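Have a look at work.cif; it's mmCIF, C-alpha atoms and all ligand atoms:
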```cif
data_protein
#
loop_
_atom_site.label_atom_id
_atom_site.label_comp_id
_atom_site.auth_asym_id
_atom_site.auth_seq_id
_atom_site.Cartn_x
_atom_site.Cartn_y
_atom_site.Cartn_z
CA MET A 4 0.00 0.00 0.00
CA ALA A 5 1.17 3.53 -0.70
CA THR A 6 -0.12 6.60 1.12
CA LEU A 7 0.01 10.28 0.32
CA ASP A 8 0.02 13.20 2.76
CA TRP A 9 -0.63 16.67 1.35
CA TYR A 10 1.16 19.59 3.03
CA GLY A 11 -0.47 22.32 0.94
CA CYS A 12 0.62 23.96 -2.34
CA ALA A 13 2.27 21.14 -4.32
CA THR A 14 4.08 19.41 -1.44
CA PHE A 15 3.34 15.80 -0.50
CA ARG A 16 4.85 12.99 1.50
CA LEU A 17 4.66 9.66 -0.30
CA ASN A 18 5.08 6.51 1.75
CA VAL A 19 5.71 3.53 -0.50
CA ASP A 20 7.55 0.24 -0.06
CA GLY A 21 8.98 1.38 3.29
CA LEU A 22 10.33 4.61 1.77
CA THR A 23 9.48 8.16 2.78
CA VAL A 24 9.62 10.45 -0.25
CA PHE A 25 8.87 14.17 -0.23
CA LEU A 26 7.45 15.58 -3.47
CA ASP A 27 8.57 19.22 -3.20
CA ALA A 28 9.43 20.52 0.26
CA TYR A 29 7.44 23.71 0.88
CA ILE A 30 5.74 23.13 4.23
CA ASP A 31 6.00 26.48 6.06
CA ARG A 32 3.07 28.70 5.15
CA ALA A 33 2.64 32.39 4.40
CA GLU A 34 0.51 34.45 6.80
CA GLY A 35 -3.16 33.59 6.35
CA ALA A 36 -2.59 30.43 4.30
CA ALA A 37 -4.12 27.26 5.72
CA GLY A 38 -1.82 24.27 6.04
CA SER A 39 -0.67 21.33 8.07
CA GLY A 40 0.45 23.46 11.03
CA THR A 41 3.92 21.98 10.72
CA SER A 42 7.23 23.28 9.45
CA ALA A 43 10.02 21.77 7.38
CA ASP A 44 11.97 21.88 10.67
CA ASP A 45 9.63 19.18 12.04
CA ILE A 46 10.50 16.60 9.38
CA ASP A 47 13.00 14.11 10.79
CA LEU A 48 12.38 11.12 8.52
CA CYS A 49 12.94 11.28 4.77
CA ASP A 50 14.75 9.05 2.29
CA TRP A 51 14.28 11.04 -0.91
CA ILE A 52 13.12 14.51 -1.97
CA VAL A 53 12.08 15.15 -5.58
CA ILE A 54 11.63 18.78 -6.64
CA GLY A 55 9.44 19.74 -9.61
CA HIS A 56 11.00 23.18 -10.11
CA SER A 57 13.11 25.78 -8.32
CA HIS A 58 10.56 28.39 -7.16
CA PHE A 59 10.33 29.04 -3.42
CA ASP A 60 6.82 27.60 -3.08
CA HIS A 61 8.28 24.22 -4.05
CA LEU A 62 11.86 24.25 -2.86
CA TYR A 63 11.96 26.30 0.36
CA GLY A 64 12.30 23.88 3.28
CA ALA A 65 14.30 21.24 1.38
CA GLU A 66 17.51 22.66 2.84
CA ARG A 67 16.21 21.94 6.39
CA ILE A 68 14.83 18.48 5.58
CA MET A 69 18.26 17.69 4.09
CA ALA A 70 19.96 18.98 7.26
CA ASN A 71 17.72 16.95 9.60
CA THR A 72 17.64 13.63 7.70
CA ASN A 73 19.83 11.44 5.48
CA ALA A 74 17.71 12.15 2.41
CA THR A 75 18.97 12.37 -1.16
CA LEU A 76 17.49 15.15 -3.30
CA ILE A 77 16.61 14.89 -7.00
CA GLY A 78 16.03 18.10 -8.96
CA SER A 79 16.99 20.29 -11.89
CA TYR A 80 20.49 21.74 -12.21
CA GLU A 81 19.12 25.08 -10.95
CA THR A 82 17.44 23.43 -7.94
CA ILE A 83 20.77 21.79 -7.07
CA ARG A 84 22.59 25.12 -7.49
CA VAL A 85 20.18 26.84 -5.09
CA MET A 86 20.50 24.00 -2.56
CA GLU A 87 24.30 24.01 -2.79
CA GLN A 88 24.21 27.74 -2.04
CA ALA A 89 22.02 26.93 0.98
CA GLY A 90 24.74 24.60 2.26
CA VAL A 91 23.56 21.17 1.09
CA ALA A 92 26.43 18.83 0.12
CA SER A 93 26.46 18.16 -3.62
CA ASP A 94 27.13 14.43 -3.13
CA ARG A 95 23.66 14.13 -1.56
CA MET A 96 21.92 15.46 -4.67
CA ILE A 97 21.19 14.12 -8.16
CA CYS A 98 20.91 16.60 -11.05
CA VAL A 99 18.34 15.65 -13.67
CA ALA A 100 16.94 17.25 -16.81
CA GLY A 101 14.49 14.58 -18.05
CA GLY A 102 15.27 11.14 -19.46
CA GLU A 103 16.71 9.63 -16.28
CA MET A 104 15.35 6.70 -14.28
CA VAL A 105 16.57 6.72 -10.67
CA SER A 106 16.36 3.65 -8.43
CA LEU A 107 14.89 4.66 -5.05
CA SER A 108 14.96 1.12 -3.60
CA GLU A 109 15.06 -2.46 -4.85
CA ASN A 110 11.41 -2.20 -5.89
CA VAL A 111 10.79 1.49 -6.63
CA THR A 112 12.04 3.71 -9.45
CA VAL A 113 11.31 7.27 -10.47
CA SER A 114 11.57 8.42 -14.09
CA VAL A 115 12.07 12.08 -14.93
CA TYR A 116 10.50 13.94 -17.86
CA PRO A 117 10.88 17.52 -19.13
CA SER A 118 7.82 19.67 -18.54
CA GLN A 119 6.62 23.29 -18.64
CA HIS A 120 5.81 25.92 -16.01
CA SER A 121 2.39 27.60 -15.96
CA CYS A 122 2.26 30.94 -17.81
CA VAL A 123 2.71 32.99 -14.66
CA TRP A 124 3.74 36.02 -16.76
CA SER A 125 0.31 36.16 -18.42
CA HIS A 126 -1.77 37.24 -15.42
CA SER A 127 -1.80 39.30 -12.23
CA GLN A 128 -3.97 37.60 -9.61
CA MET A 129 -4.67 33.96 -10.41
CA SER A 130 -7.96 33.19 -12.16
CA GLN A 131 -10.77 31.02 -10.89
CA SER A 132 -10.84 27.49 -12.36
CA ASP A 133 -13.71 28.10 -14.79
CA GLU A 134 -12.62 31.56 -16.04
CA VAL A 135 -11.85 31.45 -19.74
CA CYS A 136 -8.57 33.20 -20.68
CA LEU A 137 -7.71 33.93 -24.30
CA GLY A 138 -4.85 35.49 -26.24
CA ASP A 139 -1.23 36.04 -25.11
CA LEU A 140 0.06 33.81 -27.92
CA GLY A 141 3.53 34.25 -29.42
CA VAL A 142 4.86 36.39 -26.55
CA THR A 143 8.66 36.55 -26.63
CA TRP A 144 10.95 35.70 -23.73
CA GLN A 145 11.85 39.40 -23.36
CA GLU A 146 8.20 40.44 -23.18
CA GLN A 147 7.51 37.67 -20.66
CA GLN A 148 10.38 38.97 -18.50
CA ALA A 149 8.91 42.51 -18.60
CA ARG A 150 5.50 41.16 -17.59
CA MET A 151 7.10 39.15 -14.76
CA ALA A 152 8.69 42.36 -13.45
CA ASP A 153 5.24 44.04 -13.48
CA LEU A 154 3.79 41.00 -11.69
CA GLY A 155 6.46 41.29 -9.00
CA LYS A 156 5.45 44.91 -8.38
CA TYR A 157 1.75 44.01 -8.37
CA VAL A 158 2.24 41.18 -5.85
CA THR A 159 4.02 43.46 -3.37
CA THR A 160 1.02 45.81 -3.43
CA GLN A 161 -1.40 42.95 -2.77
CA LEU A 162 0.30 40.97 -0.03
CA ALA A 163 0.16 41.68 3.68
CA LYS A 164 3.50 42.63 5.28
CA PRO A 165 4.04 39.25 7.00
CA ALA A 166 3.46 37.48 3.67
CA ILE A 167 6.11 39.69 2.01
CA GLU A 168 8.51 38.89 4.85
CA HIS A 169 7.77 35.19 4.34
CA LEU A 170 8.50 35.57 0.64
CA LEU A 171 11.79 37.36 1.23
CA GLY A 172 12.78 34.94 4.00
CA SER A 173 11.97 31.92 1.86
CA MET A 174 14.37 33.08 -0.80
CA ALA A 175 17.08 33.71 1.81
CA GLY A 176 19.55 35.10 -0.69
CA GLN A 177 19.38 31.99 -2.87
CA SER A 178 16.82 33.29 -5.31
CA PRO A 179 16.50 30.98 -8.32
CA ARG A 180 17.15 32.04 -11.88
CA GLY A 181 13.61 31.47 -13.09
CA ASP A 182 11.86 28.15 -12.55
CA GLY A 183 15.00 26.19 -13.46
CA GLY A 184 13.07 24.09 -15.98
CA ALA A 185 9.97 22.25 -14.75
CA LEU A 186 10.07 18.46 -14.45
CA VAL A 187 7.48 15.74 -13.94
CA TYR A 188 8.20 12.44 -12.22
CA LEU A 189 6.73 8.97 -12.73
CA PHE A 190 7.07 6.66 -9.73
CA GLU A 191 6.77 2.93 -10.37
CA ALA A 192 6.33 0.54 -7.46
CA PRO A 193 4.87 -2.96 -7.03
CA GLU A 194 1.67 -1.30 -5.80
CA GLY A 195 1.24 0.76 -8.98
CA SER A 196 2.43 3.97 -10.59
CA LEU A 197 2.11 7.65 -9.69
CA LEU A 198 2.72 10.74 -11.83
CA TYR A 199 3.80 13.92 -10.05
CA GLN A 200 3.43 17.37 -11.64
CA ASP A 201 3.83 20.54 -9.53
CA THR A 202 2.95 23.33 -11.98
CA SER A 203 0.23 23.59 -14.64
CA GLY A 204 2.19 22.96 -17.81
CA HIS A 205 3.24 20.12 -20.07
CA TRP A 206 4.65 18.97 -23.37
CA SER A 207 1.71 17.06 -24.81
CA GLY A 208 3.93 14.64 -26.74
CA ILE A 209 5.62 13.63 -23.48
CA LEU A 210 2.63 13.62 -21.14
CA GLY A 211 0.56 11.68 -23.68
CA GLY A 212 2.99 8.77 -23.48
CA LEU A 213 2.55 8.24 -19.72
CA ARG A 214 -0.10 5.95 -18.20
CA PRO A 215 0.05 6.18 -14.40
CA ASP A 216 -2.58 4.66 -12.11
CA VAL A 217 -2.73 7.93 -10.16
CA ALA A 218 -1.82 11.39 -11.49
CA ILE A 219 -1.06 14.35 -9.23
CA LEU A 220 -1.93 17.34 -11.43
CA ALA A 221 -1.29 20.99 -10.59
CA ALA A 222 -4.32 23.27 -10.82
CA ALA A 223 -3.20 26.88 -10.49
CA GLY A 224 -2.70 29.81 -12.84
CA ARG A 225 -2.78 29.75 -16.65
CA GLY A 226 -1.94 26.34 -18.09
CA ASN A 227 1.07 26.07 -20.41
CA LEU A 228 0.45 23.82 -23.37
CA ASP A 229 3.61 23.11 -25.36
CA GLY A 230 4.99 26.58 -24.57
CA GLU A 231 1.83 28.62 -25.15
CA PRO A 232 -0.94 29.62 -22.72
CA ILE A 233 -4.11 27.52 -22.84
CA GLN A 234 -6.91 29.17 -24.79
CA GLY A 235 -9.59 28.38 -22.25
CA SER A 236 -9.98 27.82 -18.51
CA LEU A 237 -7.88 25.98 -15.95
CA ALA A 238 -10.60 23.29 -15.91
CA ASP A 239 -10.18 22.95 -19.70
CA PHE A 240 -6.45 22.53 -19.18
CA VAL A 241 -6.90 19.81 -16.53
CA ALA A 242 -9.46 18.08 -18.79
CA ARG A 243 -6.87 18.01 -21.56
CA GLU A 244 -4.28 16.47 -19.25
CA VAL A 245 -6.72 13.78 -18.08
CA GLU A 246 -7.44 13.03 -21.74
CA LEU A 247 -3.70 12.69 -22.44
CA VAL A 248 -2.74 10.62 -19.37
CA LYS A 249 -5.94 8.63 -18.74
CA PRO A 250 -5.22 8.02 -15.06
CA ASP A 251 -7.64 5.98 -12.94
CA ARG A 252 -7.46 8.58 -10.18
CA VAL A 253 -6.41 12.23 -9.99
CA VAL A 254 -5.06 14.17 -7.02
CA LEU A 255 -4.96 17.96 -7.41
CA CYS A 256 -2.23 20.22 -6.08
CA HIS A 257 -1.38 23.95 -5.94
CA HIS A 258 -5.13 24.73 -5.86
CA ASP A 259 -5.25 25.91 -2.25
CA ASP A 260 -4.99 29.59 -1.25
CA TRP A 261 -1.24 29.25 -0.61
CA LEU A 262 -0.36 32.96 -1.00
CA PRO A 263 -3.47 35.00 -0.10
CA GLY A 264 -3.57 38.18 -2.19
CA PHE A 265 -2.07 36.42 -5.23
CA SER A 266 -3.58 32.92 -5.16
CA VAL A 267 -7.32 32.24 -4.97
CA PRO A 268 -9.25 29.55 -3.08
CA THR A 269 -9.88 27.43 -6.17
CA ASP A 270 -13.39 26.23 -6.89
CA ILE A 271 -12.96 22.46 -7.22
CA THR A 272 -16.34 21.79 -8.84
CA PRO A 273 -15.38 22.64 -12.48
CA LEU A 274 -12.15 20.64 -12.04
CA ARG A 275 -13.98 17.61 -10.61
CA GLU A 276 -16.46 17.73 -13.49
CA ALA A 277 -13.63 17.95 -16.03
CA ILE A 278 -11.86 14.98 -14.45
CA GLU A 279 -15.01 12.85 -14.34
CA ARG A 280 -15.84 13.71 -17.95
CA GLY A 281 -12.44 12.26 -18.83
CA GLY A 282 -13.36 8.98 -17.12
CA SER A 283 -11.13 9.50 -14.07
CA HIS A 284 -11.97 9.88 -10.41
CA LEU A 285 -10.86 12.79 -8.21
CA LEU A 286 -9.35 11.89 -4.83
CA GLU A 287 -9.78 14.90 -2.53
CA LEU A 288 -7.07 15.07 0.12
CA GLY A 289 -7.14 17.07 3.32
CA TYR A 290 -3.87 18.21 4.92
CA VAL A 291 -1.72 15.26 6.11
CA ASP A 292 -4.43 12.61 6.16
CA ALA A 293 -2.48 9.56 4.89
CA THR A 294 -4.77 8.91 1.92
CA GLU A 295 -4.30 5.42 0.48
CA ILE A 296 -3.52 5.95 -3.18
CA LEU A 297 -2.09 2.68 -4.48
CA THR A 298 -3.56 -0.51 -3.09
CA ASP A 299 -4.29 -2.99 -5.84
CA GLY A 300 -1.18 -3.33 -7.99
CA PRO A 301 -0.48 -1.81 -11.39
CA ARG A 302 -3.40 -1.77 -13.77
CA LEU A 303 -3.32 -3.59 -17.05
CA ARG A 304 -1.67 -1.24 -19.54
CA VAL A 305 -3.73 -0.87 -22.65
CA VAL A 306 -1.89 0.62 -25.61
CA ASP A 307 -4.14 3.00 -27.47
ZN ZN B 1 6.59 28.03 -9.92
#
```
Would you kindly transcribe this structure into structure tokens?
Amino acid sequence: MATLDWYGCATFRLNVDGLTVFLDAYIDRAEGAAGSGTSADDIDLCDWIVIGHSHFDHLYGAERIMANTNATLIGSYETIRVMEQAGVASDRMICVAGGEMVSLSENVTVSVYPSQHSCVWSHSQMSQSDEVCLGDLGVTWQEQQARMADLGKYVTTQLAKPAIEHLLGSMAGQSPRGDGGALVYLFEAPEGSLLYQDTSGHWSGILGGLRPDVAILAAAGRGNLDGEPIQGSLADFVAREVELVKPDRVVLCHHDDWLPGFSVPTDITPLREAIERGGSHLLELGYVDATEILTDGPRLRVVD
């Protein structure tokens, strides 16, 4: 049996085959954001940490879990650079870019695939899950950078002072150079397989080749479809991913109000409907509730 504990945003603890694996490491919360009531400082048992991308709301806390446990961290070259700067020994980290399969134990592997970050540059406050967003196609890297700078200014006007202090503290002088390249991970264990995505983006040619039993899909911001913003809603984007991956069960992440003033408390109903239309079932996790996610072995793979 494998269980999953959600810590808010896109951070989970996966217990599988006697292993404790953290998927992202952002446990401490900004002022006003609900969460598990725990801190990364409280984690004293961890074998592996996998990081989807290098932004603070995914990576901050990993440096303390690494200090308090014997874990090995897997992440992009930028994630490893940030962690090295935070004092983590490089021989306890594995740099990946997509294409690797890492053995986590005798029975469990994780495969890494290149992915995409949500189009954070295309909006100010995040949209609700059924709000249709159009346009913003063909925007150059330079224009995206300019819009990101505007977003940074906007966010500082929206957040409460403690939340800004949390943001500055979480970066702690090791601010990443962008997202570092988003990755998705496919865990394969005797109990079944699990896909982990921590930001709403994908390469459809890559995602469409994966057939996990359970898919953790990010549901926040404007979806990134092969490098361009989705022409539609977040629910449309999730529907497309369910269509590509065809998982039996879906777990959502990043949909909670993790940074009040910028994030929104996401309405799950349009997402649940999109997932069910695609023939999958939504598993709704509370914070740290040890949800059983893999119990009956891998499903029969049907090539289609
Ligand atoms: Zn991010």
So how far away is atom CA of A:Asp45 from atom CA of A:Ala221, in Å?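 So the two atoms, atom CA of A:Ala221 and atom CA of A:Asp45, lie 25.2 Å apart.
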Under the rule of at most 12 Å, produce a per-residue listing of stretch 224-267 of chain A near stretch 152-173 of chain A: chain, number, name, the closest pair of atoms, and the distance in Å, as CSV, using only C-alpha atoms.
```
residue,atom,partner,partner_atom,distance
A:Trp261,CA,A:Ala166,CA,10.4
A:Leu262,CA,A:Ala166,CA,7.5
A:Pro263,CA,A:Leu162,CA,7.1
A:Gly264,CA,A:Leu162,CA,5.2
A:Phe265,CA,A:Val158,CA,6.5
A:Ser266,CA,A:Val158,CA,10.1
```
Test item: residues at most 9 Å from A:Ile54, only C-alpha atoms, excluding those fewer than 6 positions along its chain, as number ranges by chain: A: 25-28, 61-62, 65, 76-79, 82, 185-187, 201
Counting only C-alpha atoms, write as number ranges by chain all protein and nucleic acid residues lying at most 7 Å from (2.4, 28.1, -16.4) in the file's frame. A: 119-123, 202-204, 224-227
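The space between atom CA of A:Val254 and atom CA of A:Leu220 spans 6.3 Å.
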Return the single residue from A:Cys98, A:Ala222, A:Met104, A:Leu17 that is closest to ligand ZN 1 (chain B), with distances computed using all atoms listed in the file. A:Ala222
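Rounded to one decimal, atom CA of A:Thr75 and atom CA of A:Met96 lie 5.5 Å from each other.
In terms of minimum interatomic distance to A:Tyr188, A:Pro117 ranks closest within A:Leu247, A:Glu231, A:Gln128, A:Pro117, counting only C-alpha atoms.
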Fill-in result for stretch 126-140 of chain A, N, CA and C atoms as a PDB file, in the frame of the given file:
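Now in result-v4.pdb:
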```pdb
ATOM      1  N   HIS A 126      -0.663  36.756 -16.236  1.00  0.00           N
ATOM      2  CA  HIS A 126      -1.770  37.240 -15.420  1.00  0.00           C
ATOM      3  C   HIS A 126      -1.249  38.008 -14.212  1.00  0.00           C
ATOM      4  N   SER A 127      -2.155  38.708 -13.527  1.00  0.00           N
ATOM      5  CA  SER A 127      -1.800  39.300 -12.230  1.00  0.00           C
ATOM      6  C   SER A 127      -2.310  38.322 -11.171  1.00  0.00           C
ATOM      7  N   GLN A 128      -3.468  38.597 -10.561  1.00  0.00           N
ATOM      8  CA  GLN A 128      -3.970  37.600  -9.610  1.00  0.00           C
ATOM      9  C   GLN A 128      -4.410  36.356 -10.383  1.00  0.00           C
ATOM     10  N   MET A 129      -4.298  35.203  -9.750  1.00  0.00           N
ATOM     11  CA  MET A 129      -4.670  33.960 -10.410  1.00  0.00           C
ATOM     12  C   MET A 129      -6.180  33.943 -10.700  1.00  0.00           C
ATOM     13  N   SER A 130      -6.548  33.256 -11.768  1.00  0.00           N
ATOM     14  CA  SER A 130      -7.960  33.190 -12.160  1.00  0.00           C
ATOM     15  C   SER A 130      -8.660  32.044 -11.444  1.00  0.00           C
ATOM     16  N   GLN A 131      -9.985  32.136 -11.416  1.00  0.00           N
ATOM     17  CA  GLN A 131     -10.770  31.020 -10.890  1.00  0.00           C
ATOM     18  C   GLN A 131     -10.775  29.900 -11.942  1.00  0.00           C
ATOM     19  N   SER A 132     -11.068  28.665 -11.501  1.00  0.00           N
ATOM     20  CA  SER A 132     -10.840  27.490 -12.360  1.00  0.00           C
ATOM     21  C   SER A 132     -11.717  27.441 -13.603  1.00  0.00           C
ATOM     22  N   ASP A 133     -12.848  28.162 -13.596  1.00  0.00           N
ATOM     23  CA  ASP A 133     -13.710  28.100 -14.790  1.00  0.00           C
ATOM     24  C   ASP A 133     -13.642  29.380 -15.628  1.00  0.00           C
ATOM     25  N   GLU A 134     -12.721  30.297 -15.280  1.00  0.00           N
ATOM     26  CA  GLU A 134     -12.620  31.560 -16.040  1.00  0.00           C
ATOM     27  C   GLU A 134     -11.846  31.314 -17.336  1.00  0.00           C
ATOM     28  N   VAL A 135     -12.476  31.672 -18.435  1.00  0.00           N
ATOM     29  CA  VAL A 135     -11.850  31.450 -19.740  1.00  0.00           C
ATOM     30  C   VAL A 135     -10.852  32.577 -20.028  1.00  0.00           C
ATOM     31  N   CYS A 136      -9.612  32.217 -20.347  1.00  0.00           N
ATOM     32  CA  CYS A 136      -8.570  33.200 -20.680  1.00  0.00           C
ATOM     33  C   CYS A 136      -8.126  32.969 -22.110  1.00  0.00           C
ATOM     34  N   LEU A 137      -8.068  34.041 -22.881  1.00  0.00           N
ATOM     35  CA  LEU A 137      -7.710  33.930 -24.300  1.00  0.00           C
ATOM     36  C   LEU A 137      -6.548  34.868 -24.629  1.00  0.00           C
ATOM     37  N   GLY A 138      -5.909  34.603 -25.759  1.00  0.00           N
ATOM     38  CA  GLY A 138      -4.850  35.490 -26.240  1.00  0.00           C
ATOM     39  C   GLY A 138      -3.502  35.179 -25.613  1.00  0.00           C
ATOM     40  N   ASP A 139      -2.587  36.175 -25.641  1.00  0.00           N
ATOM     41  CA  ASP A 139      -1.230  36.040 -25.110  1.00  0.00           C
ATOM     42  C   ASP A 139      -0.406  34.990 -25.856  1.00  0.00           C
ATOM     43  N   LEU A 140      -0.701  34.785 -27.135  1.00  0.00           N
ATOM     44  CA  LEU A 140       0.060  33.810 -27.920  1.00  0.00           C
ATOM     45  C   LEU A 140       1.283  34.492 -28.534  1.00  0.00           C
TER      46      LEU A 140
END
```
